[in-house]
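Asks: Next comes the structure file data23.pdb, holding PDB, C-alpha atoms.
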```pdb
ATOM      1  CA  MET A  84      17.675  58.478  62.451  1.00  0.00           C
ATOM      2  CA  CYS A  85      18.817  61.872  61.348  1.00  0.00           C
ATOM      3  CA  ALA A  86      22.237  63.121  62.379  1.00  0.00           C
ATOM      4  CA  MET A  87      20.983  66.707  62.540  1.00  0.00           C
ATOM      5  CA  ASN A  88      19.153  65.926  65.782  1.00  0.00           C
ATOM      6  CA  LEU A  89      21.374  63.240  67.218  1.00  0.00           C
ATOM      7  CA  ALA A  90      22.593  63.152  70.793  1.00  0.00           C
ATOM      8  CA  PHE A  91      24.423  60.272  72.431  1.00  0.00           C
ATOM      9  CA  ASN A  92      26.612  59.375  75.358  1.00  0.00           C
ATOM     10  CA  ARG A  93      30.168  59.491  73.992  1.00  0.00           C
ATOM     11  CA  GLU A  94      31.464  57.074  76.596  1.00  0.00           C
ATOM     12  CA  LEU A  95      28.794  54.439  75.955  1.00  0.00           C
ATOM     13  CA  ILE A  96      28.441  54.388  72.169  1.00  0.00           C
ATOM     14  CA  GLY A  97      30.720  57.118  70.829  1.00  0.00           C
ATOM     15  CA  PRO A  98      33.043  54.729  68.936  1.00  0.00           C
ATOM     16  CA  ALA A  99      30.033  53.166  67.187  1.00  0.00           C
ATOM     17  CA  ILE A 100      29.010  56.501  65.660  1.00  0.00           C
ATOM     18  CA  TYR A 101      30.849  56.287  62.375  1.00  0.00           C
ATOM     19  CA  PHE A 102      29.296  57.856  59.316  1.00  0.00           C
ATOM     20  CA  ALA A 103      30.256  56.748  55.825  1.00  0.00           C
ATOM     21  CA  LEU A 104      31.902  59.313  53.592  1.00  0.00           C
ATOM     22  CA  MET A 105      29.409  61.177  51.480  1.00  0.00           C
ATOM     23  CA  GLY A 106      29.331  64.120  49.146  1.00  0.00           C
ATOM     24  CA  ASN A 107      30.842  64.770  45.752  1.00  0.00           C
ATOM     25  CA  GLY A 108      32.736  61.735  44.466  1.00  0.00           C
ATOM     26  CA  GLN A 109      31.353  59.373  47.115  1.00  0.00           C
ATOM     27  CA  PRO A 110      28.987  56.509  46.205  1.00  0.00           C
ATOM     28  CA  ILE A 111      26.661  56.987  49.185  1.00  0.00           C
ATOM     29  CA  GLY A 112      24.377  59.988  49.258  1.00  0.00           C
ATOM     30  CA  ARG A 113      22.312  60.862  52.312  1.00  0.00           C
ATOM     31  CA  TYR A 114      22.373  57.386  53.892  1.00  0.00           C
ATOM     32  CA  ASP A 115      25.434  57.802  56.057  1.00  0.00           C
ATOM     33  CA  ASP A 116      23.497  58.499  59.251  1.00  0.00           C
ATOM     34  CA  MET A 117      20.955  55.730  58.651  1.00  0.00           C
ATOM     35  CA  TRP A 118      23.671  53.135  58.106  1.00  0.00           C
ATOM     36  CA  ALA A 119      25.926  54.165  60.991  1.00  0.00           C
ATOM     37  CA  GLY A 120      25.418  50.758  62.641  1.00  0.00           C
ATOM     38  CA  TRP A 121      25.026  52.013  66.181  1.00  0.00           C
ATOM     39  CA  TYR A 122      21.637  50.331  66.625  1.00  0.00           C
ATOM     40  CA  VAL A 123      23.359  46.939  66.426  1.00  0.00           C
ATOM     41  CA  VAL A 124      25.855  47.960  69.106  1.00  0.00           C
ATOM     42  CA  CYS A 125      23.103  49.333  71.362  1.00  0.00           C
ATOM     43  CA  ASP A 126      21.053  46.159  70.990  1.00  0.00           C
ATOM     44  CA  HIS A 127      24.057  44.034  71.854  1.00  0.00           C
ATOM     45  CA  LEU A 128      24.929  46.120  74.927  1.00  0.00           C
ATOM     46  CA  ASN A 129      21.270  46.386  76.031  1.00  0.00           C
ATOM     47  CA  LEU A 130      21.359  50.178  75.743  1.00  0.00           C
ATOM     48  CA  GLY A 131      18.148  52.037  75.040  1.00  0.00           C
ATOM     49  CA  VAL A 132      17.604  54.017  71.876  1.00  0.00           C
ATOM     50  CA  LYS A 133      15.027  56.779  72.031  1.00  0.00           C
ATOM     51  CA  THR A 134      13.406  58.691  69.242  1.00  0.00           C
ATOM     52  CA  GLY A 135      11.027  61.593  69.194  1.00  0.00           C
ATOM     53  CA  LEU A 136      10.528  65.106  68.013  1.00  0.00           C
ATOM     54  CA  PRO A 137      13.738  67.112  67.642  1.00  0.00           C
ATOM     55  CA  TYR A 138      14.732  69.741  70.153  1.00  0.00           C
ATOM     56  CA  VAL A 139      15.758  71.960  67.257  1.00  0.00           C
ATOM     57  CA  TRP A 140      13.344  72.056  64.359  1.00  0.00           C
ATOM     58  CA  HIS A 141      15.068  72.166  60.962  1.00  0.00           C
ATOM     59  CA  ASN A 142      12.656  73.309  58.285  1.00  0.00           C
ATOM     60  CA  LYS A 143      14.305  73.627  54.907  1.00  0.00           C
ATOM     61  CA  ALA A 144      12.647  73.687  51.543  1.00  0.00           C
ATOM     62  CA  SER A 145      14.181  71.086  49.282  1.00  0.00           C
ATOM     63  CA  ASN A 146      13.424  69.662  45.894  1.00  0.00           C
ATOM     64  CA  PRO A 147      12.124  66.077  46.213  1.00  0.00           C
ATOM     65  CA  PHE A 148      13.368  65.206  42.715  1.00  0.00           C
ATOM     66  CA  VAL A 149      16.899  66.363  43.510  1.00  0.00           C
ATOM     67  CA  ASN A 150      16.716  64.354  46.757  1.00  0.00           C
ATOM     68  CA  LEU A 151      15.530  61.252  44.871  1.00  0.00           C
ATOM     69  CA  LYS A 152      18.505  61.504  42.538  1.00  0.00           C
ATOM     70  CA  LYS A 153      20.842  61.661  45.555  1.00  0.00           C
ATOM     71  CA  GLU A 154      19.117  58.756  47.322  1.00  0.00           C
ATOM     72  CA  TYR A 155      18.274  56.487  44.394  1.00  0.00           C
ATOM     73  CA  ASN A 156      21.148  53.989  44.741  1.00  0.00           C
ATOM     74  CA  GLY A 157      20.644  53.770  48.491  1.00  0.00           C
ATOM     75  CA  LEU A 158      17.126  52.425  47.995  1.00  0.00           C
ATOM     76  CA  PHE A 159      18.636  49.327  46.372  1.00  0.00           C
ATOM     77  CA  TRP A 160      21.681  49.081  48.650  1.00  0.00           C
ATOM     78  CA  GLN A 161      19.568  49.068  51.780  1.00  0.00           C
ATOM     79  CA  GLU A 162      17.835  45.891  50.603  1.00  0.00           C
ATOM     80  CA  GLU A 163      21.200  44.159  51.061  1.00  0.00           C
ATOM     81  CA  ILE A 164      22.532  46.016  54.094  1.00  0.00           C
ATOM     82  CA  ILE A 165      19.412  45.678  56.293  1.00  0.00           C
ATOM     83  CA  PRO A 166      19.479  41.841  56.309  1.00  0.00           C
ATOM     84  CA  PHE A 167      23.212  42.009  57.074  1.00  0.00           C
ATOM     85  CA  PHE A 168      22.623  44.104  60.195  1.00  0.00           C
ATOM     86  CA  GLN A 169      19.618  41.992  61.192  1.00  0.00           C
ATOM     87  CA  SER A 170      21.706  38.823  61.085  1.00  0.00           C
ATOM     88  CA  LEU A 171      24.825  40.290  62.683  1.00  0.00           C
ATOM     89  CA  VAL A 172      25.653  38.719  66.049  1.00  0.00           C
ATOM     90  CA  LEU A 173      28.430  40.287  68.098  1.00  0.00           C
ATOM     91  CA  PRO A 174      30.518  38.029  70.373  1.00  0.00           C
ATOM     92  CA  LYS A 175      29.719  38.032  74.094  1.00  0.00           C
ATOM     93  CA  GLU A 176      33.249  39.292  74.728  1.00  0.00           C
ATOM     94  CA  CYS A 177      32.262  42.614  73.155  1.00  0.00           C
ATOM     95  CA  THR A 178      31.170  44.597  76.182  1.00  0.00           C
ATOM     96  CA  THR A 179      31.856  48.160  75.000  1.00  0.00           C
ATOM     97  CA  ALA A 180      31.291  50.085  71.825  1.00  0.00           C
TER
END
```
I'd like the structure from this file rewritten - as structure tokens, please.
Replies:
Amino acid sequence: MCAMNLAFNRELIGPAIYFALMGNGQPIGRYDDMWAGWYVVCDHLNLGVKTGLPYVWHNKASNPFVNLKKEYNGLFWQEEIIPFFQSLVLPKECTTA
């Protein structure tokens, strides 16, 4: 999921859209939107998640080696965070985001 082309119903899942801090001085680079955690909330609430081509096409030339340097740590961190989200079970009492 890319936050550049993200749309959502604020009333249904708005509170679940929380992006980690990123940028200079922050440990996470470019993974904030992927790790937002809203998929878990949508699964729990039986809300659909749709993906597809963006309505606005963002075509920007970037250096893949610079990107790799920014994303390197995240490749290892996601090996720990993905199983966490896969095993996370929210209580039945949680009926809203």
Asks: Would you mind listing what lies within 12 Å of segment 152-160 of chain A as JSON, numbers by chain, with all atoms listed in the file counted and same-chain residues fewer than 3 positions away left out?
Replies: {"A": [105, 106, 107, 108, 109, 110, 111, 112, 113, 114, 115, 117, 118, 146, 147, 148, 149, 163, 164, 165, 166, 167]}
Asks: Between A:Trp121, A:Leu151, A:Asp116, A:Glu162, which one has atoms that come closest to Pro98 of chain A, using all atoms listed in the file?
Replies: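 For Pro98 of chain A, the nearest of the candidates is A:Trp121.
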Asks: Please, what distance in Å, to one decimal, runs between atom CA of Ala103 of chain A and atom CA of Leu130 of chain A?
Replies: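 Those two atoms sit 22.8 Å apart.
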Asks: Can you work out the spacing between atom CA of Gly135 of chain A and atom CA of Ser170 of chain A in Å, to one decimal?
Replies: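 Interatomic distance here is 26.4 Å.
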Asks: Would you translate the PyMOL selection byres ((chain A and resi 138) around 12) into the concrete set of residues it matches in this file, as a PyMOL selection string?
Replies: chain A and resi 87-90+134-137+139-141
Asks: Keeping only C-alpha atoms, write those residues as a PDB file, keeping the file's coordinate frame.
Replies:
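again-v5.pdb, freshly written:
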```
ATOM      1  CA  MET A  87      20.983  66.707  62.540  1.00  0.00           C
ATOM      2  CA  ASN A  88      19.153  65.926  65.782  1.00  0.00           C
ATOM      3  CA  LEU A  89      21.374  63.240  67.218  1.00  0.00           C
ATOM      4  CA  ALA A  90      22.593  63.152  70.793  1.00  0.00           C
ATOM      5  CA  THR A 134      13.406  58.691  69.242  1.00  0.00           C
ATOM      6  CA  GLY A 135      11.027  61.593  69.194  1.00  0.00           C
ATOM      7  CA  LEU A 136      10.528  65.106  68.013  1.00  0.00           C
ATOM      8  CA  PRO A 137      13.738  67.112  67.642  1.00  0.00           C
ATOM      9  CA  VAL A 139      15.758  71.960  67.257  1.00  0.00           C
ATOM     10  CA  TRP A 140      13.344  72.056  64.359  1.00  0.00           C
ATOM     11  CA  HIS A 141      15.068  72.166  60.962  1.00  0.00           C
TER      12      HIS A 141
END
```
Asks: Do you know which residues are at most 9 Å from Val172 of chain A counting all atoms listed in the file, after dropping those on the same chain fewer than 3 positions away, and could you put them as a VMD selection string?
Replies: chain A and resid 123 127 168 to 169
Asks: For Gly97 of chain A, list every protein, DNA or RNA residue within 12 Å, evaluated using all atoms listed in the file, and leave out those in the same chain fewer than 4 positions away; present the list as a list in words.
Replies: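 With the cut-off at 12 Å, the set is Leu89, Ala90, Phe91, Asn92, Arg93, Tyr101, Phe102, Ala119, Gly120, Trp121, Val124, Cys125, Thr179 and Ala180 of chain A.
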